[in-house]
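query_31.cif (mmCIF, C-alpha atoms) appears below.
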```cif
data_model
#
loop_
_atom_site.label_atom_id
_atom_site.label_comp_id
_atom_site.auth_asym_id
_atom_site.auth_seq_id
_atom_site.Cartn_x
_atom_site.Cartn_y
_atom_site.Cartn_z
CA MET A 1 -94.11 29.94 11.45
CA PHE A 2 -95.67 33.33 11.68
CA GLY A 3 -93.69 35.60 14.03
CA TYR A 4 -90.73 33.14 14.47
CA ARG A 5 -87.46 34.53 13.08
CA VAL A 6 -84.10 32.76 12.67
CA PRO A 7 -80.83 34.58 11.77
CA ALA A 8 -78.36 33.14 9.25
CA PRO A 9 -75.14 31.52 10.52
CA ASP A 10 -73.13 34.69 9.65
CA GLU A 11 -75.73 37.12 10.95
CA ALA A 12 -76.83 38.54 14.27
CA MET A 13 -80.56 39.22 14.78
CA LEU A 14 -81.28 42.44 16.59
CA ILE A 15 -84.79 42.63 18.19
CA SER A 16 -86.01 46.02 19.25
CA GLY A 17 -89.36 47.26 20.67
CA GLY A 18 -89.35 45.25 23.83
CA ARG A 19 -87.23 45.18 26.86
CA ARG A 20 -83.71 46.44 26.49
CA GLY A 21 -80.76 44.27 25.80
CA LEU A 22 -77.45 43.67 27.54
CA GLY A 23 -75.98 46.74 29.17
CA GLY A 24 -78.99 48.89 28.47
CA ALA A 25 -78.73 48.37 24.71
CA PRO A 26 -81.84 49.40 22.79
CA PHE A 27 -82.13 45.86 21.31
CA ARG A 28 -81.56 42.29 22.15
CA VAL A 29 -78.97 40.19 20.24
CA VAL A 30 -79.83 36.72 19.01
CA THR A 31 -77.24 34.52 17.22
CA GLY A 32 -77.21 30.87 16.36
CA HIS A 33 -80.91 30.19 17.10
CA GLY A 34 -84.43 31.41 16.35
CA LYS A 35 -86.70 33.65 18.34
CA PHE A 36 -90.46 34.28 18.38
CA VAL A 37 -91.06 37.92 17.56
CA VAL A 38 -94.47 39.45 18.18
CA PRO A 39 -95.58 41.14 15.02
CA PHE A 40 -96.27 44.86 15.05
CA PHE A 41 -94.87 45.12 18.57
CA ARG A 42 -91.31 44.00 17.88
CA LYS A 43 -88.94 44.86 15.04
CA THR A 44 -86.05 42.68 13.85
CA ARG A 45 -82.97 43.73 11.93
CA PHE A 46 -79.95 41.60 10.84
CA LEU A 47 -76.25 42.56 11.18
CA SER A 48 -73.71 40.68 9.02
CA LEU A 49 -70.94 38.88 10.82
CA ALA A 50 -69.19 37.88 7.59
CA MET A 51 -65.63 38.81 6.64
CA CYS A 52 -65.18 42.21 5.04
CA GLU A 53 -62.28 43.71 3.11
CA SER A 54 -60.93 47.23 2.97
CA GLU A 55 -58.15 48.48 0.68
CA VAL A 56 -55.90 51.35 1.67
CA THR A 57 -53.74 53.34 -0.79
CA GLU A 58 -51.84 56.09 0.96
CA THR A 59 -48.82 58.33 0.36
CA CYS A 60 -46.64 58.28 3.46
CA VAL A 61 -43.48 60.18 4.30
CA THR A 62 -40.68 58.21 5.96
CA LYS A 63 -38.34 59.31 8.71
CA GLN A 64 -35.87 60.30 5.99
CA GLY A 65 -38.41 62.58 4.29
CA ILE A 66 -38.94 60.31 1.31
CA ALA A 67 -42.52 59.94 0.08
CA LEU A 68 -43.69 56.37 -0.38
CA HIS A 69 -46.86 55.16 -2.00
CA VAL A 70 -48.14 52.30 0.16
CA ARG A 71 -50.96 49.95 -0.73
CA ALA A 72 -52.42 47.66 1.95
CA VAL A 73 -55.39 45.33 2.35
CA ILE A 74 -57.27 44.85 5.66
CA ALA A 75 -59.48 41.86 6.42
CA PHE A 76 -61.96 42.56 9.26
CA LYS A 77 -65.38 41.62 10.63
CA VAL A 78 -67.82 42.30 13.43
CA GLY A 79 -66.84 40.57 16.64
CA ASN A 80 -68.77 37.45 17.68
CA ASP A 81 -69.41 38.59 21.23
CA ALA A 82 -72.57 40.48 22.16
CA GLU A 83 -70.73 43.67 23.10
CA SER A 84 -69.00 43.90 19.67
CA ILE A 85 -72.32 43.20 17.94
CA ILE A 86 -74.07 45.90 19.97
CA ASN A 87 -71.28 48.44 19.22
CA ALA A 88 -71.24 47.63 15.51
CA GLY A 89 -75.07 47.51 15.33
CA GLN A 90 -75.43 50.93 16.86
CA ARG A 91 -72.92 52.40 14.34
CA PHE A 92 -73.35 50.50 11.07
CA LEU A 93 -76.76 48.79 11.18
CA SER A 94 -78.38 51.33 8.90
CA ASP A 95 -75.40 51.45 6.49
CA GLN A 96 -73.17 48.47 6.87
CA ASP A 97 -70.95 49.47 3.90
CA GLN A 98 -69.55 52.23 6.02
CA MET A 99 -67.57 49.65 7.97
CA SER A 100 -65.09 49.27 5.08
CA VAL A 101 -64.75 53.01 4.55
CA LEU A 102 -64.19 53.76 8.23
CA THR A 103 -61.79 50.87 8.65
CA GLY A 104 -59.72 52.07 5.67
CA ARG A 105 -59.51 55.56 7.08
CA ILE A 106 -58.48 54.32 10.51
CA PHE A 107 -55.71 52.16 9.08
CA ALA A 108 -54.54 54.90 6.72
CA GLY A 109 -53.94 57.18 9.67
CA HIS A 110 -52.03 54.58 11.67
CA LEU A 111 -50.05 53.59 8.56
CA ARG A 112 -48.86 57.17 8.00
CA ALA A 113 -47.90 57.52 11.65
CA ILE A 114 -45.88 54.32 11.79
CA ILE A 115 -44.14 54.80 8.40
CA GLY A 116 -43.15 58.30 9.53
CA SER A 117 -41.13 56.73 12.35
CA MET A 118 -39.27 54.26 10.09
CA THR A 119 -36.63 54.46 7.37
CA VAL A 120 -37.06 53.27 3.83
CA GLU A 121 -34.66 50.38 4.46
CA GLU A 122 -36.69 49.23 7.49
CA ILE A 123 -39.99 49.57 5.61
CA VAL A 124 -38.70 47.65 2.59
CA THR A 125 -36.91 44.93 4.51
CA GLU A 126 -39.29 44.62 7.50
CA ARG A 127 -42.80 44.72 6.06
CA GLN A 128 -44.08 42.21 8.59
CA LYS A 129 -42.90 44.44 11.42
CA LEU A 130 -44.75 47.38 9.84
CA ALA A 131 -47.98 45.40 9.56
CA ALA A 132 -47.72 44.15 13.16
CA GLU A 133 -47.24 47.69 14.52
CA VAL A 134 -50.24 49.01 12.51
CA LEU A 135 -52.41 46.19 13.85
CA ASP A 136 -51.34 46.82 17.43
CA THR A 137 -52.06 50.54 17.29
CA SER A 138 -55.44 50.14 15.57
CA LYS A 139 -56.72 47.27 17.68
CA THR A 140 -58.17 49.51 20.43
CA GLU A 141 -60.01 51.82 18.06
CA MET A 142 -61.41 48.93 16.04
CA ALA A 143 -62.68 47.28 19.23
CA LYS A 144 -64.59 50.43 20.16
CA ILE A 145 -66.65 50.21 16.97
CA GLY A 146 -67.18 46.43 17.38
CA LEU A 147 -64.75 45.32 14.65
CA ILE A 148 -61.80 42.93 14.79
CA VAL A 149 -58.98 42.72 12.22
CA ASP A 150 -57.95 39.27 11.05
CA SER A 151 -54.99 40.37 8.88
CA LEU A 152 -53.16 43.32 7.36
CA GLN A 153 -51.08 42.81 4.19
CA ILE A 154 -48.71 45.46 2.73
CA GLN A 155 -49.07 44.74 -0.94
CA SER A 156 -46.74 47.35 -2.47
CA ILE A 157 -44.33 50.15 -1.55
CA ASP A 158 -43.28 52.59 -4.28
CA ASP A 159 -41.11 55.72 -4.06
CA GLY A 160 -42.32 57.16 -7.33
CA ASP A 161 -39.65 58.91 -9.40
CA THR A 162 -37.13 59.43 -6.61
CA GLY A 163 -35.34 56.16 -7.40
CA TYR A 164 -34.30 55.65 -3.78
CA ILE A 165 -35.49 52.11 -3.58
CA ASP A 166 -33.82 51.32 -6.90
CA ALA A 167 -30.57 52.91 -5.68
CA MET A 168 -30.87 51.01 -2.45
CA SER A 169 -31.34 47.82 -4.32
CA ALA A 170 -28.53 48.58 -6.82
CA PRO A 171 -25.77 46.84 -4.79
CA HIS A 172 -28.00 43.88 -4.32
CA LYS A 173 -28.89 43.95 -7.97
CA ALA A 174 -25.19 44.17 -8.87
CA ALA A 175 -24.40 41.34 -6.50
CA ILE A 176 -27.26 39.36 -7.89
CA GLN A 177 -26.16 40.13 -11.42
CA ARG A 178 -22.60 39.22 -10.53
CA GLN A 179 -23.79 35.99 -8.97
CA ALA A 180 -25.95 35.44 -12.01
CA GLN A 181 -22.96 36.03 -14.29
CA ILE A 182 -20.80 33.76 -12.15
CA ALA A 183 -23.51 31.15 -12.19
CA GLN A 184 -23.83 31.58 -15.94
CA ALA A 185 -20.05 31.31 -16.36
CA GLN A 186 -19.99 28.26 -14.14
CA ALA A 187 -22.86 26.79 -16.07
CA THR A 188 -21.06 27.55 -19.34
CA GLN A 189 -17.84 26.07 -18.01
CA ALA A 190 -19.70 23.04 -16.74
CA ALA A 191 -21.36 22.71 -20.14
CA VAL A 192 -17.99 23.00 -21.90
CA GLU A 193 -16.42 20.52 -19.51
CA ALA A 194 -19.35 18.21 -20.02
CA GLU A 195 -18.94 18.52 -23.79
CA GLN A 196 -15.20 17.92 -23.49
CA GLU A 197 -15.79 14.97 -21.21
CA ALA A 198 -18.35 13.60 -23.63
CA ALA A 199 -15.92 14.10 -26.52
CA ARG A 200 -13.12 12.48 -24.53
CA ARG A 201 -15.32 9.53 -23.63
CA GLN A 202 -16.41 9.25 -27.23
CA ALA A 203 -12.79 9.33 -28.38
CA GLU A 204 -11.83 6.83 -25.67
CA TYR A 205 -14.68 4.60 -26.74
CA ALA A 206 -13.61 4.92 -30.38
CA ARG A 207 -10.00 4.13 -29.40
CA MET A 208 -11.03 1.14 -27.33
CA THR A 209 -13.26 -0.04 -30.15
CA ALA A 210 -10.38 0.28 -32.62
CA VAL A 211 -8.04 -1.53 -30.22
CA VAL A 212 -10.55 -4.32 -29.71
CA LYS A 213 -11.08 -4.61 -33.44
CA ALA A 214 -7.30 -4.68 -34.02
CA GLU A 215 -6.83 -7.29 -31.30
CA TYR A 216 -9.67 -9.35 -32.71
CA SER A 217 -8.23 -9.09 -36.23
CA ALA A 218 -4.75 -9.99 -34.95
CA GLU A 219 -6.19 -12.93 -33.03
CA VAL A 220 -8.03 -14.12 -36.12
CA ASP A 221 -4.85 -13.79 -38.21
CA ARG A 222 -2.84 -15.58 -35.55
CA ALA A 223 -5.40 -18.37 -35.35
CA GLN A 224 -5.37 -18.70 -39.13
CA ALA A 225 -1.57 -18.75 -39.18
CA GLN A 226 -1.51 -21.34 -36.41
CA ALA A 227 -4.07 -23.42 -38.27
CA ALA A 228 -1.99 -23.16 -41.45
CA GLN A 229 1.15 -24.17 -39.55
CA ALA A 230 -0.53 -26.89 -37.52
CA GLY A 231 0.10 -29.62 -40.13
CA PRO A 232 3.80 -28.89 -40.78
CA LEU A 233 4.40 -28.27 -37.09
CA ALA A 234 2.76 -31.57 -36.20
CA GLN A 235 4.83 -33.37 -38.81
CA ALA A 236 8.00 -31.64 -37.66
CA HIS A 237 7.17 -32.49 -34.04
CA ALA A 238 6.57 -36.11 -35.03
CA GLN A 239 9.88 -36.23 -36.92
CA GLN A 240 11.62 -34.58 -34.02
CA GLU A 241 10.15 -37.15 -31.65
CA VAL A 242 11.32 -39.95 -33.99
CA LEU A 243 14.81 -38.42 -34.13
CA ASP A 244 14.84 -38.03 -30.37
CA ALA A 245 13.79 -41.65 -29.97
CA GLN A 246 16.43 -42.80 -32.45
CA THR A 247 19.07 -40.66 -30.75
CA GLU A 248 18.11 -42.05 -27.39
CA LEU A 249 18.21 -45.59 -28.81
CA ALA A 250 21.65 -44.95 -30.37
CA GLN A 251 22.88 -43.54 -27.09
CA ARG A 252 21.60 -46.58 -25.24
CA GLN A 253 23.18 -48.92 -27.82
CA ALA A 254 26.49 -47.04 -27.59
CA LEU A 255 26.32 -47.23 -23.81
CA LEU A 256 25.52 -50.94 -24.03
CA ARG A 257 28.38 -51.49 -26.51
CA GLN A 258 30.68 -49.53 -24.26
CA LYS A 259 29.71 -51.72 -21.34
CA GLN A 260 30.21 -54.83 -23.53
CA LEU A 261 33.65 -53.60 -24.58
CA VAL A 262 34.49 -52.92 -20.99
CA SER A 263 33.37 -56.40 -19.96
CA GLU A 264 34.77 -58.23 -23.02
CA VAL A 265 38.00 -56.38 -23.84
CA ILE A 266 39.04 -53.83 -21.27
CA LYS A 267 38.34 -55.90 -18.19
CA PRO A 268 40.07 -59.05 -19.57
CA ALA A 269 42.96 -56.90 -20.84
CA GLU A 270 43.21 -55.21 -17.48
CA ALA A 271 43.05 -58.61 -15.79
CA GLU A 272 45.71 -59.99 -18.17
CA ALA A 273 47.87 -56.93 -17.67
CA GLU A 274 47.47 -57.29 -13.94
CA ARG A 275 48.34 -60.97 -14.22
CA VAL A 276 51.40 -60.20 -16.37
CA ARG A 277 52.38 -57.44 -14.03
CA ILE A 278 52.05 -59.75 -11.05
CA LEU A 279 53.98 -62.50 -12.85
CA ALA A 280 56.64 -60.03 -13.99
CA ALA A 281 56.89 -58.69 -10.49
CA ALA A 282 57.13 -62.20 -9.15
CA GLU A 283 59.69 -63.13 -11.80
CA ALA A 284 61.66 -59.99 -11.12
CA GLN A 285 61.49 -60.73 -7.43
CA ARG A 286 62.60 -64.29 -8.11
CA MET A 287 65.45 -63.16 -10.36
CA LYS A 288 66.43 -60.56 -7.81
CA ILE A 289 66.49 -63.19 -5.11
CA GLN A 290 68.46 -65.56 -7.39
CA ALA A 291 70.85 -62.78 -8.35
CA GLU A 292 71.37 -61.90 -4.73
CA ALA A 293 71.86 -65.58 -3.88
CA ALA A 294 74.23 -66.10 -6.77
CA ALA A 295 76.14 -62.99 -5.89
CA SER A 296 76.43 -64.04 -2.27
CA TYR A 297 76.96 -67.80 -2.54
CA ASP A 298 77.36 -69.35 -6.00
CA ARG A 299 79.12 -66.65 -8.03
CA VAL A 300 82.55 -68.16 -7.49
CA ALA A 301 81.40 -71.75 -8.14
CA LEU A 302 79.62 -70.68 -11.33
CA ASP A 303 82.69 -68.90 -12.64
CA ARG A 304 84.89 -71.89 -11.86
CA MET A 305 82.46 -74.17 -13.68
CA LEU A 306 82.76 -71.98 -16.78
CA ILE A 307 86.52 -72.13 -16.58
CA ASP A 308 86.36 -75.89 -16.11
CA GLN A 309 84.27 -76.28 -19.27
CA LEU A 310 86.54 -74.27 -21.50
CA PRO A 311 88.48 -77.43 -22.57
CA GLN A 312 85.21 -79.04 -23.42
CA ILE A 313 84.26 -75.95 -25.46
CA VAL A 314 87.49 -76.27 -27.38
CA LYS A 315 86.82 -79.95 -27.83
CA GLU A 316 83.33 -79.29 -29.12
CA ALA A 317 84.64 -76.65 -31.52
CA ALA A 318 87.16 -79.15 -32.78
CA GLY A 319 84.50 -81.77 -33.14
CA GLY A 320 82.51 -79.35 -35.21
CA LEU A 321 85.39 -78.97 -37.56
CA ALA A 322 85.54 -82.71 -38.04
CA GLY A 323 82.28 -82.78 -39.89
CA ALA A 324 82.87 -79.53 -41.72
CA ASN A 325 83.99 -79.19 -45.30
CA VAL A 326 87.40 -77.61 -44.60
CA ASN A 327 89.97 -77.22 -47.30
CA VAL A 328 93.53 -77.32 -45.98
CA LEU A 329 95.83 -75.60 -48.37
CA ASN A 330 99.11 -76.12 -46.61
CA GLY A 331 98.72 -79.80 -45.72
CA ALA A 332 99.95 -80.77 -42.34
CA ASP A 333 101.14 -77.23 -41.69
CA GLY A 334 97.71 -75.86 -42.38
CA LEU A 335 95.99 -78.39 -40.14
CA GLY A 336 98.45 -77.62 -37.41
CA GLU A 337 97.69 -73.97 -37.74
CA ILE A 338 93.96 -74.63 -37.29
CA ALA A 339 94.51 -76.70 -34.17
CA ALA A 340 96.86 -74.12 -32.83
CA GLY A 341 94.21 -71.45 -33.50
CA LEU A 342 91.56 -73.38 -31.59
CA VAL A 343 93.83 -73.83 -28.63
CA SER A 344 94.82 -70.21 -28.76
CA GLN A 345 91.16 -69.15 -28.80
CA GLY A 346 90.44 -71.38 -25.84
CA LEU A 347 93.33 -69.93 -23.92
CA THR A 348 92.23 -66.43 -24.80
CA ILE A 349 88.74 -67.13 -23.60
CA LEU A 350 90.13 -68.71 -20.46
CA ASP A 351 92.37 -65.71 -19.75
CA SER A 352 89.40 -63.35 -20.37
CA VAL A 353 87.17 -65.33 -18.03
CA ARG A 354 89.89 -65.44 -15.40
CA GLN A 355 90.41 -61.73 -15.63
CA ASN A 356 86.64 -61.14 -15.28
CA LEU A 357 86.49 -63.50 -12.34
CA GLY A 358 89.45 -61.86 -10.77
CA GLY A 359 87.83 -58.38 -11.15
CA GLN A 360 84.49 -59.55 -9.71
CA GLU A 361 86.24 -61.25 -6.81
CA SER A 362 88.23 -58.11 -6.21
CA GLU A 363 84.99 -56.00 -6.23
CA GLY A 364 83.19 -58.52 -4.01
CA ASN A 365 85.93 -59.49 -1.57
CA GLY A 366 88.57 -56.77 -1.96
CA SER A 367 91.40 -59.34 -2.89
CA GLU A 368 92.26 -61.71 -5.76
CA ARG A 369 91.63 -65.43 -5.09
CA PRO A 370 94.00 -68.17 -6.46
CA ARG A 371 93.03 -69.46 -9.86
CA ASP A 372 93.41 -73.08 -8.69
CA ASN A 373 90.55 -72.71 -6.26
CA GLY A 374 88.37 -71.48 -9.13
CA LEU A 375 89.29 -74.42 -11.31
CA LEU A 376 88.60 -76.83 -8.47
CA GLN A 377 85.11 -75.37 -7.87
CA LEU A 378 84.34 -75.38 -11.63
CA ASN A 379 85.35 -79.05 -11.81
CA ALA A 380 83.20 -79.83 -8.79
CA ARG A 381 80.14 -78.24 -10.44
CA ARG A 382 80.91 -80.06 -13.66
CA GLU A 383 80.74 -83.43 -11.87
CA LYS A 384 77.20 -82.61 -10.82
CA LYS A 385 76.00 -82.14 -14.45
CA SER A 386 74.65 -84.99 -16.58
CA ASP A 387 76.83 -86.73 -19.13
CA ASP A 388 74.09 -86.88 -21.71
CA GLY A 389 74.67 -83.46 -23.32
CA PRO A 390 76.67 -80.29 -23.24
CA VAL A 391 76.66 -78.08 -20.16
CA ASP A 392 74.68 -74.80 -20.43
CA VAL A 393 76.60 -71.79 -19.37
CA ASP A 394 74.54 -68.96 -17.80
#
```
Mind turning this structure into structure tokens?
Amino acid sequence: MFGYRVPAPDEAMLISGGRRGLGGAPFRVVTGHGKFVVPFFRKTRFLSLAMCESEVTETCVTKQGIALHVRAVIAFKVGNDAESIINAGQRFLSDQDQMSVLTGRIFAGHLRAIIGSMTVEEIVTERQKLAAEVLDTSKTEMAKIGLIVDSLQIQSIDDGDTGYIDAMSAPHKAAIQRQAQIAQAQATQAAVEAEQEAARRQAEYARMTAVVKAEYSAEVDRAQAQAAQAGPLAQAHAQQEVLDAQTELAQRQALLRQKQLVSEVIKPAEAEAERVRILAAAEAQRMKIQAEAAASYDRVALDRMLIDQLPQIVKEAAGGLAGANVNVLNGADGLGEIAAGLVSQGLTILDSVRQNLGGQESEGNGSERPRDNGLLQLNARREKKSDDGPVDVD
């Protein structure tokens, strides 16, 4: 529309020719909206509110007297409030490029002043502190001309050919180099150890592979050998089982035969021996009892019976000669000699028996009994015997 003006978002519209602005300013400030301006009677101008940049390159002397070349960049703009716009419009409206030049000069002065109160070590190590102090000291002056600083960046600090900064950084460089060498050595050692470990693992793997192959080959050979021996071993085992069975059968047969022998031979023999022993013991006991009885009661009667039978013995001997083929050489004298011999033998036997009876009676009774008593007892026993045959003499 004719006469209606609207500023851009980053601009402030300054209207002059009418009533004065805020605080007696020669113009009114319009931002963010349009305004109807009467042509020919009012004049409008526009002030940029956009961000501006100013670069500062200055040689500054430190507290130690060392010259440093400092390069800094300042980001600034016109303030958004009406007072800042009025201050900036009154100073830079006709030549807005002067804002960067003036800002650079202001910051160059403050930068020299602050660096002059610091050492090189502080400047190098505390750049943020340097920038903050420059901003603080320049804030008041910048506000007077309607400008505000958004940031200040120290881009570079150089001491030229003095080599102070390099000397200052030498220990750190040496330490860094030493750390770099140590790190390199550690990396090299780690690489060597890794290579050795890889070689060891490879060798271990090769060894394990060889062992597994050897074990597999040995197992295959063993299986083949076992398969080859399976037939003979089975046959030998079968024969061994047959032999074991035969041995067991023979042992059982021997045991059975032994039991049969025990039952058929040994037990009957033992029973027979026991029977004989019992009979012998009984017979011995009987004979002992008879001997004791004969010794105590019948010894004398028995002896007398023997003496009483001596004539009969002589008679029987003579009777035996009657049937014998005897040649008598001397006739009657020879026959008489034979009869005399028989009688003499009978008397000799009788005397011998009497002497034996006398000795036994002496041992048994301690005194010799009369021979007549013995003859009487022998005759008495003789009467008890049968007349059918000869009398047995015990």
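Interatomic distance, CA of Val276 in chain A to CA of Gln260 in chain A: 23.0 Å.
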Counting all atoms listed in the file, figure out which residue out of A:Lys288, A:Arg127, A:His172, A:Lys144 gets nearest to Val78 in chain A. A:Lys144
A straight line from CA of Ile165 in chain A to CA of Phe107 in chain A spans 23.9 Å
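With all atoms listed in the file as the atoms that count, the residue of A:Val38, A:Met118, A:Leu135, A:Met51 with the shortest distance to Gly65 in chain A is A:Met118.
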Can you give me, as JSON, numbers by chain, the residues this file yields under the PyMOL selection byres ((chain A and resi 123) around 12)? {"A": [60, 61, 62, 63, 64, 66, 68, 69, 70, 111, 112, 114, 115, 116, 117, 118, 119, 120, 121, 122, 124, 125, 126, 127, 128, 129, 130, 131, 133, 154, 156, 157, 158, 159, 165]}
Writing out the chosen residues with C-alpha atoms as a short mmCIF file (atom, residue, chain, number, x, y, z; two decimals), in the coordinates of the input:
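This went into part-v6.cif:
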```cif
data_model
loop_
_atom_site.label_atom_id
_atom_site.label_comp_id
_atom_site.auth_asym_id
_atom_site.auth_seq_id
_atom_site.Cartn_x
_atom_site.Cartn_y
_atom_site.Cartn_z
CA CYS A 60 -46.64 58.28 3.46
CA VAL A 61 -43.48 60.18 4.30
CA THR A 62 -40.68 58.21 5.96
CA LYS A 63 -38.34 59.31 8.71
CA GLN A 64 -35.87 60.30 5.99
CA ILE A 66 -38.94 60.31 1.31
CA LEU A 68 -43.69 56.37 -0.38
CA HIS A 69 -46.86 55.16 -2.00
CA VAL A 70 -48.14 52.30 0.16
CA LEU A 111 -50.05 53.59 8.56
CA ARG A 112 -48.86 57.17 8.00
CA ILE A 114 -45.88 54.32 11.79
CA ILE A 115 -44.14 54.80 8.40
CA GLY A 116 -43.15 58.30 9.53
CA SER A 117 -41.13 56.73 12.35
CA MET A 118 -39.27 54.26 10.09
CA THR A 119 -36.63 54.46 7.37
CA VAL A 120 -37.06 53.27 3.83
CA GLU A 121 -34.66 50.38 4.46
CA GLU A 122 -36.69 49.23 7.49
CA VAL A 124 -38.70 47.65 2.59
CA THR A 125 -36.91 44.93 4.51
CA GLU A 126 -39.29 44.62 7.50
CA ARG A 127 -42.80 44.72 6.06
CA GLN A 128 -44.08 42.21 8.59
CA LYS A 129 -42.90 44.44 11.42
CA LEU A 130 -44.75 47.38 9.84
CA ALA A 131 -47.98 45.40 9.56
CA GLU A 133 -47.24 47.69 14.52
CA ILE A 154 -48.71 45.46 2.73
CA SER A 156 -46.74 47.35 -2.47
CA ILE A 157 -44.33 50.15 -1.55
CA ASP A 158 -43.28 52.59 -4.28
CA ASP A 159 -41.11 55.72 -4.06
CA ILE A 165 -35.49 52.11 -3.58
#
```
